[in-house]
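J.: I have a structure here, written as structure tokens, and I will follow up with some questions on it.
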Amino acid sequence: MTKVDHATQPAPANVEFSQVGKRLTRTDAPGKAAGKTPFAGDYVMPGMLHVKVVRADIASARLRRLDVSKARALQGVVCVITAADLPDRMVATDIPGQTGQKRLDTDQQILVRERVRYFGEPLALIAAETRDIAEQAMELVEFELEPTPGVYDPEEALKPGAPIVQGTDNVVAQHKIKKGDVEAGFAEADVIVENTFKTPFQEHAFLEPEVGLAWIDENDVVNIRVSTQVIEHFRAVADAIDVPHNKVRIRGAMIGGGFGGKEDMTVELYLALLAKQTQRPVRLEYTREDSFVGHGKRHPFKLTYRTGVTNEGKITAVDVQIIADSGAYVFLSPYVLLYAAVAAPGPYRVDNLNVYARAVATNNMFTSAFRGFGGLQACAAYEQQMDEVAKAIGMDRIEFRRRNFLKSGEPISTGFIPPSAIWTDQCVEKAWAALGEPTPARGPIKIGQGIAAYQQSYGRLTFLHDTSEAWVGVEMDGTVVVRSGVTDIGAGQTSALGQIAVEVLGVTLENVVIYNSDSAVTPLAGTTTATRALYMTGNATKMAAEAVRERLVERAAKEFGVDPDEVDMAFNAVFVIDNPDKSMTFIELVRICALEGIHRSELAMFRAPFSGYLDPETGQGQAHPDYTYGAHAIEVSVDTDTGEVKVLKSIAAHDVGQCINPAAVEGQIEGGAQNGQGYALSEEMLYEEGRLVTPSFSEYLMPTSMDVPKVECIILESRSGIGPFGAKGIGEPAMTPVAPAIANAVADAIGVRVHEMPITPERIVKAMRDAAFQLDRGAHREE
Amino acid sequence: MSREKMITLRINGRNEETSVPPHRTLLEALRELGHVEVKSGCEKGDCGTCAVLVDGIALDSCLTLAWMAEGREITTVSGLGEGDAPHPLQQAFSDGGGIQCGYCTPGMIIAAKSMIDRNPDPSEDDIRIGLSGNLCRCTGYTKIFEAVTEAASVMRARGAS
């Protein structure tokens, strides 16, 4: 097994690729188009039971009585499990699949024992012969919940005397960043601008609801076929059901969308418990409503920015206060919050910085990972603040940004200097230029343009000591196999590994098959989260393929009587670079190697840079391996009579380092634009005392084909990233700047800022009325 | 328990028999018969994921009762194309990047087929309207519009659907 610390060598400029960087049809696409690709919900087994989850219908309560006897007595019901059947069992909700490090007090009850902390918290599991019977049995479960005082606003939860949901004071995490001298910085400022911005809950809304099938095999291994971003949950499942880690096997499938919502465990543990209890295969598929109330959401944030600036547009100090709603359980809140704190100043040089961020427990739905992971919420605020500061000093908003951009080689908020290029300026310039002249306004229809730049990490927090493994082998007929545990959430994770392997081995993409997502059989690659799959597993695949290539090339060189560095492989041929007459096919070379017992496969492990924790008082140190930079530009029309917003132009410019597949990169950007548009304008989870009142796609409105403009993608390639061939990550970054760009465009159109997302027609009309009222009062005062 | 009834469904050109209670949806019946290429997204008619052609028109199979589809021609995404050759829509979605997670794809392709059969030369607005009942969370629709435009052009050139 190869072990290399860190792939720091960027690809040489102007290198010619034969497979990488090409707009190839993804390996997974034809099967999906034909309807042949099985998703986790498509698997069934003989004798399979159907599972339903009974949930609490009050957000803050004591469970006074839970009687499942009638449900158990129903013919066809095989098993009903409540907390009483699970003495002392808890489940870890901490960062999944990691190195064994675990935070305190983050375990969660599997089923409600006494206390209900959120609406929808599971009370009982039912397994029955048919789905109809399981549904009937749900109605027969009798429970009494005694309402207890709840708290639904994190600021209320911080007040003395507030109901305590978690810990001693509801504060589940806090982070500080201190750099330079903020007071001195504010003293230098000509103008100080303060604004508070609010961002909302967001539902991932993957089209495939949570689903899985579990069974016990002949070796007593609990097998779970499940739609998950993280097959490494097998460890937490094993701990929770009290079996050794090697007795749980998680097999993924192509995932019908994740966006962070299938990062925490979903149905795995319920299935494992019931399979163990019944010794029969069990299947659980969430309804859409289950999905809305059953998995963690994006954290709502309240962010207060105070920015000191000179009249020349130099930022002298920034103070940021952040409060995040962690909901009823901790889950990934501390990490989401840390991302926000690190990202707080944005892609700008801020030498005097103070950030104080807290995540606070409430009786709302718990919140956890969602594309952008805190960095996105920070961007939603800092880019609106940049526009407000520019306005306050009367400077063009692009020029103001330009004067403050962080440049390559400069330190970010934590003092860490990203190893790659920082091309924010080029991205902003290109996106803004592509936006062009505004569409003419017409009557009540006003036009506005906006921009947002960002910094978003790729790769996990470096103190987690992240690793990833991949295996690459060449069959005797010259075809290539890649094996890696990586899960594919639809971004083309597996296809990209194929492109990398065949590029290195000089063959073409139709010659590769990628096996993935099996915790027992494929080498563990780590999670498909944190924009890490291409960076981590791409590097591991490249390392493995390079090791194989080295041995093959060495043998070819011997055959040709030249040095190995005189030999190249491309398009299924092996040849001497300066003398193409000396050549053979890839298959011929592979056959020679097979005959001579030359090892044609390799298992490689890639290790991200490892660091310690950030300094707890100053937040200084390394948080992430590297960062992606870019910008999004937006033009909107706003109907000032109705408040209706239309997004007319959407232009993205990102430095992705190196495209592995440009079509896949564009796909991430276009999808991010849509997801960000919904977040900015229309997606609203309405809760009443913790109860979700919008649990369907007819109430929770994500953009449809009628709502989104075609996105123009401008892809820059600095080839400076620390992913394979100089790639950076684009999955999360694609979404990060979209919502603030839209917010800035709306503010540009109507001359008033709506400080809370989603920027709904109601909020727009109200903000305009309030502004008119203020203006009116101001006019009276001057008289 | 409700009484079950034996019905015959004509799916992708073949008759299949199944016993269903009156409340069984076409989506559930199709999946129970092994047509798992028909995906379930919301079971409320909000997302279009489960769309199939019924007598050539795209319908949400979650809103159609199985027995009501007796005697109709049901076509799923697997019933498109000829033998192993993909349908132009499948080809265009696949080659043009119109597929990411792929879960909405079967319903999306069915909706596009239903539209193109009625309007062989759709404008972008026509395509937007034709796909407005089908949600996608991954692609932002841009490459789906492009794929449908491309497929319609191929289908016109072939003079057949």
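Going through the structure tokens in order, the chains are called A, B, and so on, while each chain numbers its residues from 1 and the ligands are numbered from 1 in the order shown.
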Residues of chain A that approach chain B to 6 Å or less, counting only C-alpha atoms: could you list each one with the shortest pair of atoms and its distance in Å to one decimal, rows by chain and increasing residue number, as a tab-separated table?
T.:
```
residue	atom	partner	partner_atom	distance
A:Thr25	CA	B:Asp95	CA	4.9
A:Ala29	CA	B:Ser94	CA	5.0
A:Pro30	CA	B:Ser94	CA	5.4
A:Lys32	CA	B:Gly102	CA	5.5
A:Ala33	CA	B:Gln90	CA	5.0
A:Ala34	CA	B:Ser78	CA	5.7
A:Gly35	CA	B:Glu37	CA	4.7
A:Asp42	CA	B:Val36	CA	5.8
A:Leu207	CA	B:Gly41	CA	5.4
A:Glu208	CA	B:Gly41	CA	5.7
A:Gly256	CA	B:Tyr103	CA	5.0
A:Gly257	CA	B:Cys101	CA	5.6
A:Arg288	CA	B:Cys42	CA	5.0
A:Ile489	CA	B:Cys101	CA	6.0
A:Gly490	CA	B:Cys101	CA	3.5
A:Ala491	CA	B:Gln100	CA	5.7
A:Ala663	CA	B:Gly97	CA	5.9
A:Gly667	CA	B:Thr139	CA	5.6
A:Glu670	CA	B:Gly140	CA	4.9
A:Gly671	CA	B:Gly140	CA	4.1
A:Gln674	CA	B:Gly140	CA	4.9
A:Phe697	CA	B:Asp46	CA	5.8
A:Ser705	CA	B:Arg128	CA	5.1
A:Met706	CA	B:Arg128	CA	5.5
A:Lys710	CA	B:Thr142	CA	5.2
```
J.: Now that the selection is made, can you save its residues with N, CA and C atoms as a PDB file, in the first residue's frame?
T.:
```pdb
ATOM      1  N   THR A  25     -19.175  11.638 -21.724  1.00  0.00           N
ATOM      2  CA  THR A  25     -20.415  11.144 -21.121  1.00  0.00           C
ATOM      3  C   THR A  25     -20.071  10.405 -19.838  1.00  0.00           C
ATOM      4  N   ALA A  29     -24.232   7.799 -16.506  1.00  0.00           N
ATOM      5  CA  ALA A  29     -25.386   8.449 -17.142  1.00  0.00           C
ATOM      6  C   ALA A  29     -26.252   7.503 -17.989  1.00  0.00           C
ATOM      7  N   PRO A  30     -25.669   6.663 -18.855  1.00  0.00           N
ATOM      8  CA  PRO A  30     -26.545   5.842 -19.711  1.00  0.00           C
ATOM      9  C   PRO A  30     -27.475   4.922 -18.914  1.00  0.00           C
ATOM     10  N   LYS A  32     -28.674   5.430 -15.948  1.00  0.00           N
ATOM     11  CA  LYS A  32     -29.729   6.238 -15.330  1.00  0.00           C
ATOM     12  C   LYS A  32     -30.769   6.658 -16.360  1.00  0.00           C
ATOM     13  N   ALA A  33     -30.310   6.995 -17.568  1.00  0.00           N
ATOM     14  CA  ALA A  33     -31.249   7.420 -18.613  1.00  0.00           C
ATOM     15  C   ALA A  33     -32.160   6.277 -19.037  1.00  0.00           C
ATOM     16  N   ALA A  34     -31.625   5.067 -18.996  1.00  0.00           N
ATOM     17  CA  ALA A  34     -32.397   3.905 -19.435  1.00  0.00           C
ATOM     18  C   ALA A  34     -33.290   3.353 -18.332  1.00  0.00           C
ATOM     19  N   GLY A  35     -33.176   3.888 -17.134  1.00  0.00           N
ATOM     20  CA  GLY A  35     -33.960   3.356 -16.018  1.00  0.00           C
ATOM     21  C   GLY A  35     -33.394   2.059 -15.474  1.00  0.00           C
ATOM     22  N   ASP A  42     -34.931   0.276  -4.614  1.00  0.00           N
ATOM     23  CA  ASP A  42     -35.357  -0.678  -5.641  1.00  0.00           C
ATOM     24  C   ASP A  42     -35.047  -2.124  -5.269  1.00  0.00           C
ATOM     25  N   LEU A 207     -34.772  14.346  -4.334  1.00  0.00           N
ATOM     26  CA  LEU A 207     -36.004  13.745  -4.849  1.00  0.00           C
ATOM     27  C   LEU A 207     -36.215  12.322  -4.319  1.00  0.00           C
ATOM     28  N   GLU A 208     -35.132  11.656  -3.933  1.00  0.00           N
ATOM     29  CA  GLU A 208     -35.260  10.295  -3.401  1.00  0.00           C
ATOM     30  C   GLU A 208     -35.362  10.365  -1.882  1.00  0.00           C
ATOM     31  N   GLY A 256     -30.077   9.243  -4.793  1.00  0.00           N
ATOM     32  CA  GLY A 256     -30.981  10.166  -5.478  1.00  0.00           C
ATOM     33  C   GLY A 256     -30.963  11.549  -4.861  1.00  0.00           C
ATOM     34  N   GLY A 257     -29.771  12.104  -4.755  1.00  0.00           N
ATOM     35  CA  GLY A 257     -29.591  13.447  -4.190  1.00  0.00           C
ATOM     36  C   GLY A 257     -29.288  13.391  -2.712  1.00  0.00           C
ATOM     37  N   ARG A 288     -42.586  11.486   1.904  1.00  0.00           N
ATOM     38  CA  ARG A 288     -42.021  12.839   1.768  1.00  0.00           C
ATOM     39  C   ARG A 288     -42.175  13.612   3.076  1.00  0.00           C
ATOM     40  N   ILE A 489     -23.271  10.894  -5.030  1.00  0.00           N
ATOM     41  CA  ILE A 489     -24.552  11.585  -4.813  1.00  0.00           C
ATOM     42  C   ILE A 489     -25.048  12.271  -6.072  1.00  0.00           C
ATOM     43  N   GLY A 490     -24.481  11.895  -7.190  1.00  0.00           N
ATOM     44  CA  GLY A 490     -25.017  12.413  -8.447  1.00  0.00           C
ATOM     45  C   GLY A 490     -24.160  13.480  -9.081  1.00  0.00           C
ATOM     46  N   ALA A 491     -23.094  13.864  -8.399  1.00  0.00           N
ATOM     47  CA  ALA A 491     -22.208  14.883  -8.960  1.00  0.00           C
ATOM     48  C   ALA A 491     -21.200  14.266  -9.926  1.00  0.00           C
ATOM     49  N   ALA A 663     -18.513  19.244 -18.196  1.00  0.00           N
ATOM     50  CA  ALA A 663     -19.975  19.149 -18.124  1.00  0.00           C
ATOM     51  C   ALA A 663     -20.419  18.898 -16.685  1.00  0.00           C
ATOM     52  N   GLY A 667     -22.578  21.309 -14.336  1.00  0.00           N
ATOM     53  CA  GLY A 667     -23.757  20.761 -13.670  1.00  0.00           C
ATOM     54  C   GLY A 667     -23.818  21.155 -12.204  1.00  0.00           C
ATOM     55  N   GLU A 670     -24.694  24.963 -12.165  1.00  0.00           N
ATOM     56  CA  GLU A 670     -26.093  25.245 -12.522  1.00  0.00           C
ATOM     57  C   GLU A 670     -27.047  24.791 -11.416  1.00  0.00           C
ATOM     58  N   GLY A 671     -26.758  23.624 -10.843  1.00  0.00           N
ATOM     59  CA  GLY A 671     -27.584  23.144  -9.738  1.00  0.00           C
ATOM     60  C   GLY A 671     -27.443  24.023  -8.511  1.00  0.00           C
ATOM     61  N   GLN A 674     -29.589  27.107  -8.833  1.00  0.00           N
ATOM     62  CA  GLN A 674     -31.005  26.862  -8.559  1.00  0.00           C
ATOM     63  C   GLN A 674     -31.260  26.718  -7.059  1.00  0.00           C
ATOM     64  N   PHE A 697     -43.900  19.475  -1.103  1.00  0.00           N
ATOM     65  CA  PHE A 697     -43.378  20.309  -2.190  1.00  0.00           C
ATOM     66  C   PHE A 697     -44.426  21.290  -2.727  1.00  0.00           C
ATOM     67  N   SER A 705     -38.850  24.489 -13.374  1.00  0.00           N
ATOM     68  CA  SER A 705     -38.363  24.836 -14.715  1.00  0.00           C
ATOM     69  C   SER A 705     -38.871  26.202 -15.157  1.00  0.00           C
ATOM     70  N   MET A 706     -39.934  26.690 -14.524  1.00  0.00           N
ATOM     71  CA  MET A 706     -40.492  27.992 -14.894  1.00  0.00           C
ATOM     72  C   MET A 706     -39.748  29.154 -14.231  1.00  0.00           C
ATOM     73  N   LYS A 710     -31.382  30.218 -17.586  1.00  0.00           N
ATOM     74  CA  LYS A 710     -30.233  29.394 -17.953  1.00  0.00           C
ATOM     75  C   LYS A 710     -29.000  30.027 -17.338  1.00  0.00           C
TER      76      LYS A 710
END
```
J.: Taking 5 positions as the minimum chain separation for residues in the same chain, which residues sit within 12 Å of Thr487 of chain A when counting only C-alpha atoms? Answer as a VMD selection string.
T.: (chain A and resid 226 to 232 250 to 258 262 to 263 492 to 495 497 514 to 519 522 to 529 532 to 534 537) or (chain B and resid 101)
J.: Expressed in Å to a single decimal, how great is the separation between atom CA of Tyr152 of chain A and atom CA of Ile58 of chain A?
T.: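 It comes out at 12.6 Å.
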J.: When distances are computed from only C-alpha atoms, which of A:Glu644, A:Glu717, A:Glu699, A:Asp105 shows the smallest separation from Gly657 of chain A?
T.: A:Glu717
J.: Pull the alpha helix (DSSP H) assignments for segment 568-690 of chain A out of DSSP run on the backbone, and list those residues as a ChimeraX atom specification.
T.: /A:586-595,662-677
J.: Which parts of segment 114-176 of chain A does DSSP call strand (DSSP E) when run on the backbone here, written out as a list in words?
T.: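 Assigned to strand (DSSP E), within segment 114-176 of chain A: Arg115, Val116, Pro122, Leu123, Ala124, Leu125, Ile126, Ala127, Ala128, Glu142, Phe143, Glu144, Leu145, Glu146, Pro147, Val171, Val172, Ala173, Gln174, His175 and Lys176 of chain A.
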J.: Could you pull the residues within 10 Å of Leu376 of chain A, counting only C-alpha atoms, minus those fewer than 3 positions along the same chain, as JSON, numbers by chain?
T.: {"A": [199, 336, 339, 340, 343, 344, 370, 371, 372, 373, 379, 380, 381, 382, 454, 455, 456, 676, 732, 733, 735, 736, 737, 738, 739, 740]}
J.: For the residues selected in the previous step, produce a file with C-alpha atoms as a PDB file, in the first residue's frame.
T.:
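Saved file out_31.pdb follows:
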```pdb
ATOM      1  CA  THR A 199     -30.869  33.355   7.020  1.00  0.00           C
ATOM      2  CA  VAL A 336     -21.035  24.107  10.780  1.00  0.00           C
ATOM      3  CA  TYR A 339     -16.969  26.921   9.044  1.00  0.00           C
ATOM      4  CA  ALA A 340     -19.027  30.080   9.442  1.00  0.00           C
ATOM      5  CA  ALA A 343     -15.435  32.199   6.540  1.00  0.00           C
ATOM      6  CA  ALA A 344     -16.816  35.283   8.336  1.00  0.00           C
ATOM      7  CA  PHE A 370     -26.239  21.242   4.113  1.00  0.00           C
ATOM      8  CA  ARG A 371     -24.226  22.194   1.036  1.00  0.00           C
ATOM      9  CA  GLY A 372     -22.156  25.218   2.088  1.00  0.00           C
ATOM     10  CA  PHE A 373     -22.075  24.124   5.748  1.00  0.00           C
ATOM     11  CA  CYS A 379     -21.335  34.547   2.676  1.00  0.00           C
ATOM     12  CA  ALA A 380     -25.027  35.418   2.646  1.00  0.00           C
ATOM     13  CA  ALA A 381     -24.213  38.089   5.223  1.00  0.00           C
ATOM     14  CA  TYR A 382     -20.724  39.340   4.348  1.00  0.00           C
ATOM     15  CA  TYR A 454     -16.813  33.945  -1.749  1.00  0.00           C
ATOM     16  CA  GLN A 455     -14.281  31.705  -0.111  1.00  0.00           C
ATOM     17  CA  GLN A 456     -15.365  28.104   0.541  1.00  0.00           C
ATOM     18  CA  GLY A 676     -29.262  29.168  -4.000  1.00  0.00           C
ATOM     19  CA  GLU A 732     -20.448  23.381  -2.235  1.00  0.00           C
ATOM     20  CA  PRO A 733     -18.725  26.504  -3.622  1.00  0.00           C
ATOM     21  CA  MET A 735     -24.015  27.408  -4.286  1.00  0.00           C
ATOM     22  CA  THR A 736     -22.312  29.663  -1.757  1.00  0.00           C
ATOM     23  CA  PRO A 737     -22.431  33.080  -3.505  1.00  0.00           C
ATOM     24  CA  VAL A 738     -25.810  32.726  -5.213  1.00  0.00           C
ATOM     25  CA  ALA A 739     -28.209  33.916  -2.516  1.00  0.00           C
ATOM     26  CA  PRO A 740     -26.290  37.102  -1.583  1.00  0.00           C
TER      27      PRO A 740
END
```
J.: Set the distance at 7 Å and use only C-alpha atoms: which residues neighbour Ile110 of chain B once local chain neighbours fewer than 4 positions away are removed? I'd like the list as a VMD selection string.
T.: chain B and resid 51 to 53 58 77 106 114
J.: Would you mind exporting C-alpha atoms of the selected residues as a PDB file, in the first residue's frame?
T.:
```
ATOM      1  CA  ALA B  51     -44.492  10.000 -14.340  1.00  0.00           C
ATOM      2  CA  VAL B  52     -45.367   7.345 -16.922  1.00  0.00           C
ATOM      3  CA  LEU B  53     -47.099   7.601 -20.269  1.00  0.00           C
ATOM      4  CA  ALA B  58     -47.512  11.798 -19.082  1.00  0.00           C
ATOM      5  CA  VAL B  77     -38.728   5.098 -19.318  1.00  0.00           C
ATOM      6  CA  PRO B 106     -37.233   8.690 -15.674  1.00  0.00           C
ATOM      7  CA  SER B 114     -45.213  13.460 -23.882  1.00  0.00           C
TER       8      SER B 114
END
```
J.: List the neighbours of Arg769 of chain A out to 12 Å using only C-alpha atoms; skip same-chain residues closer than 3 positions along the sequence, and give me the result as number ranges by chain.
T.: A: 640-643, 750-754, 762-766, 772-776
J.: Give me the residues near Ile315 of chain A as a list in words, where near means some atom within 9 Å (using only C-alpha atoms) and where sequence neighbours in that chain fewer than 5 positions away do not count.
T.: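 The contact residues come out as Gly185, Ala189, Thr307, Gly308, Val309, Thr310, Tyr348, Arg349, Val350, Asp351, Asn352, Arg403 and Asn404 of chain A.
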J.: Hey, can you check how far atom CA of Asn15 of chain B sits from atom CA of Ala151 of chain B?
T.: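 So the two atoms, atom CA of Asn15 of chain B and atom CA of Ala151 of chain B, lie 29.1 Å apart.
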J.: Which of these residues is nearest to Ala66 of chain B, using only C-alpha atoms: B:Arg14, B:Arg118, B:Lys113, B:Lys5?
T.: B:Lys5
J.: Could you please determine the separation between atom CA of Thr149 of chain B and atom CA of Ala111 of chain B in Å, to one decimal place?
T.: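 Result for atom CA of Thr149 of chain B versus atom CA of Ala111 of chain B: 13.4 Å, one decimal.
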